[in-house]
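Structure first, then comments.
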Amino acid sequence: MSKKNNDEIKLSIPNKPEYVSVVRLTVTSIANRMGFDIEKIEDIKVAVAEACTNAITHGKNEEDNFLVDFIMEEDKLVVNVSDNGRGCTTLNEIKNPDLDHLNHEKEGGLGIFIIRSLMDNVQIISNHGSGTIISMTKYMGEDH
Amino acid sequence: MSLIIEKYYYEEKKQWSVSLIGEVDIYTAGQLKETFIKLIEEKKEDIKINAEELDYIDSTGLGVLIGALKRLKQENKDIILFNVKPSIKKLLNITGLDKIFIIEG
């Protein structure tokens, strides 16, 4: 009884805003093919796009690429978005958006908050100098 | 994919009407920001956004809306969104932004 290995798709995307829509279309297609319902597909699309936006914002160098890795398992989709930016040690300390202070117009942190809200499991690995990996999982079934 | 912005000022209502068509993301958010800055410079009045054909907005787009609202609030003006698609409504809901913008319909 040999169990099939997980299928995997890897993308290398230029650090340029115009390519986020390419990732959005790709992940929508992957999630759709796996059989996720429309609402979950939308959640995944929004979360993955936020991670890409984050990679581009922190990646700094337009000549570089960031990586998006889609791992398709039987009951879940794992998406890893890795940049080679400066990294940031405070990412895990990002709090929920503070709406009483509209002065904090800079929406940094809002993207991470959205990712955490929409995905079932989110891990952010970030170190100074070695970039950031946002790893997020969405399960097919209910109650996760 | 891109963003089309249609704007019109209603003199009698003292209100900007803005239709957003397409997608607001890190690529198109700058275009939206410039439009809002021009509108608000011209007339600091309520901005009513028709989101019927807005397919997608991300955190950079929401940041632009927050920035515009911040400027409008100095004159006690608002941003009103209507015909918002369910997926965008969900985003406004989880971020709590449905409490700072006026959502109609």
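Residue numbering restarts at 1 for every chain of the structure tokens, chains are lettered A, B, ... in their displayed order, and ligands are numbered from 1 as they appear.
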
(message) Which residues are near B:Phe101? Cut-off 12 Å, only C-alpha atoms, ignore same chain within fewer than 4 positions. Put them as a list in words.
(response) Leu99 and Leu102 of chain A; Asp46, Ile47, Lys48, Ile49, Leu62, Leu65, Ile66, Gly67, Ala68, Leu69, Lys70, Leu72, Lys73, Lys77, Asp78, Ile79, Ile80, Leu81, Phe82, Lys89, Leu92, Asn93, Thr95, Gly96 and Leu97 of chain B

Could you take the residues named above and write them with C-alpha atoms, as a PDB file, in the first residue's frame?
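Wrote out-v8.pdb, looks like this:
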```pdb
ATOM      1  CA  LEU A  99      -9.435  51.141  15.557  1.00  0.00           C
ATOM      2  CA  LEU A 102      -7.221  56.119  13.202  1.00  0.00           C
TER       3      LEU A 102
ATOM      4  CA  ASP B  46     -18.839  62.646   2.314  1.00  0.00           C
ATOM      5  CA  ILE B  47     -17.584  60.016  -0.116  1.00  0.00           C
ATOM      6  CA  LYS B  48     -20.143  57.404  -1.093  1.00  0.00           C
ATOM      7  CA  ILE B  49     -18.539  54.373  -2.680  1.00  0.00           C
ATOM      8  CA  LEU B  62      -8.237  49.262   3.223  1.00  0.00           C
ATOM      9  CA  LEU B  65      -9.712  54.066   2.817  1.00  0.00           C
ATOM     10  CA  ILE B  66      -8.646  54.500   6.437  1.00  0.00           C
ATOM     11  CA  GLY B  67      -6.286  57.323   5.427  1.00  0.00           C
ATOM     12  CA  ALA B  68      -9.045  59.087   3.472  1.00  0.00           C
ATOM     13  CA  LEU B  69     -11.511  58.713   6.335  1.00  0.00           C
ATOM     14  CA  LYS B  70      -8.974  60.173   8.711  1.00  0.00           C
ATOM     15  CA  LEU B  72     -12.613  63.507   6.226  1.00  0.00           C
ATOM     16  CA  LYS B  73     -13.208  63.078   9.949  1.00  0.00           C
ATOM     17  CA  LYS B  77     -17.430  63.759   7.081  1.00  0.00           C
ATOM     18  CA  ASP B  78     -17.814  60.064   6.354  1.00  0.00           C
ATOM     19  CA  ILE B  79     -17.086  57.291   3.915  1.00  0.00           C
ATOM     20  CA  ILE B  80     -20.169  55.283   2.988  1.00  0.00           C
ATOM     21  CA  LEU B  81     -19.890  51.948   1.220  1.00  0.00           C
ATOM     22  CA  PHE B  82     -22.846  50.311  -0.494  1.00  0.00           C
ATOM     23  CA  LYS B  89     -18.095  42.429   3.817  1.00  0.00           C
ATOM     24  CA  LEU B  92     -14.581  44.584   6.787  1.00  0.00           C
ATOM     25  CA  ASN B  93     -16.194  42.548   9.517  1.00  0.00           C
ATOM     26  CA  THR B  95     -11.000  43.816  10.708  1.00  0.00           C
ATOM     27  CA  GLY B  96     -13.699  45.760  12.566  1.00  0.00           C
ATOM     28  CA  LEU B  97     -13.657  48.372   9.820  1.00  0.00           C
TER      29      LEU B  97
END
```

(request) DSSP on the backbone, then: every residue of stretch 2-92 of chain A marked strand (DSSP E or B), written as a count of residues only. (result) 23

(message) Considering only helix (DSSP H, G or I) as DSSP defines it on the backbone, what residues of chain B qualify? List them as a VMD selection string.
(response) chain B and resid 29 to 42 59 to 73 86 to 95 97 to 99

(request) Find the residues in chain B near chain A: any atom within 6 Å counts, using only C-alpha atoms. Write them as a ChimeraX atom specification. (result) /B:26-27,59,63,67

(request) Could you tell me how far atom CA of A:Thr132 lies from atom CA of A:Thr26, in Å and to one decimal? (result)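 These two atoms are separated by 21.4 Å.
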
(request) Find the residues around B:Gln31 up to 12 Å (only C-alpha atoms counted), leave out those fewer than 5 positions away in its own chain, and share them as a ChimeraX atom specification. (result) /B:2-5,20,23-26,36-38,60-61,64

(request) Determine the nearest neighbour of B:Lys85 from the options B:Ile100, B:Leu32, B:Ile57, B:Ala51, counting only C-alpha atoms. (result) B:Ala51

(request) Counting only C-alpha atoms, figure out which residue out of A:Met72, A:Ser135, A:Ala55, A:Pro14 gets nearest to A:Ile30. (result)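 Selected residue with least distance to A:Ile30: A:Met72.
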
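Atom CA of B:Asn76 is found 18.1 Å from atom CA of B:Tyr10.
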
(request) State, in Å with one decimal place, the distance from atom CA of A:Val68 to atom CA of B:Ala29. (result)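 Interatomic distance, atom CA of A:Val68 to atom CA of B:Ala29: 22.5 Å.
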
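Nearest-residue note for B:Ser17: choosing from B:Glu42, B:Ile88, B:Asn50, B:Asn83, the minimum distance belongs to B:Asn50, counting only C-alpha atoms.
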
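Non-sequential neighbours of A:Asp83 (distance at most 7 Å, separation of 6 or more positions within a chain, only C-alpha atoms) are Ala55, Gly59, Phe66, Leu67, Gly131, Thr132 and Ile133 of chain A.
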
Could the residues in this selection be saved with C-alpha atoms as an mmCIF file, in the first residue's frame?
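The result, written out as result.cif:
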```
data_model
loop_
_atom_site.group_PDB
_atom_site.id
_atom_site.type_symbol
_atom_site.label_atom_id
_atom_site.label_comp_id
_atom_site.auth_asym_id
_atom_site.auth_seq_id
_atom_site.Cartn_x
_atom_site.Cartn_y
_atom_site.Cartn_z
ATOM 1 C CA ALA A 55 6.850 39.756 1.030
ATOM 2 C CA GLY A 59 11.591 42.234 0.310
ATOM 3 C CA PHE A 66 9.986 35.641 -3.486
ATOM 4 C CA LEU A 67 8.830 32.051 -3.310
ATOM 5 C CA GLY A 131 13.886 36.992 5.563
ATOM 6 C CA THR A 132 10.425 35.886 6.571
ATOM 7 C CA ILE A 133 8.415 32.737 5.944
#
```
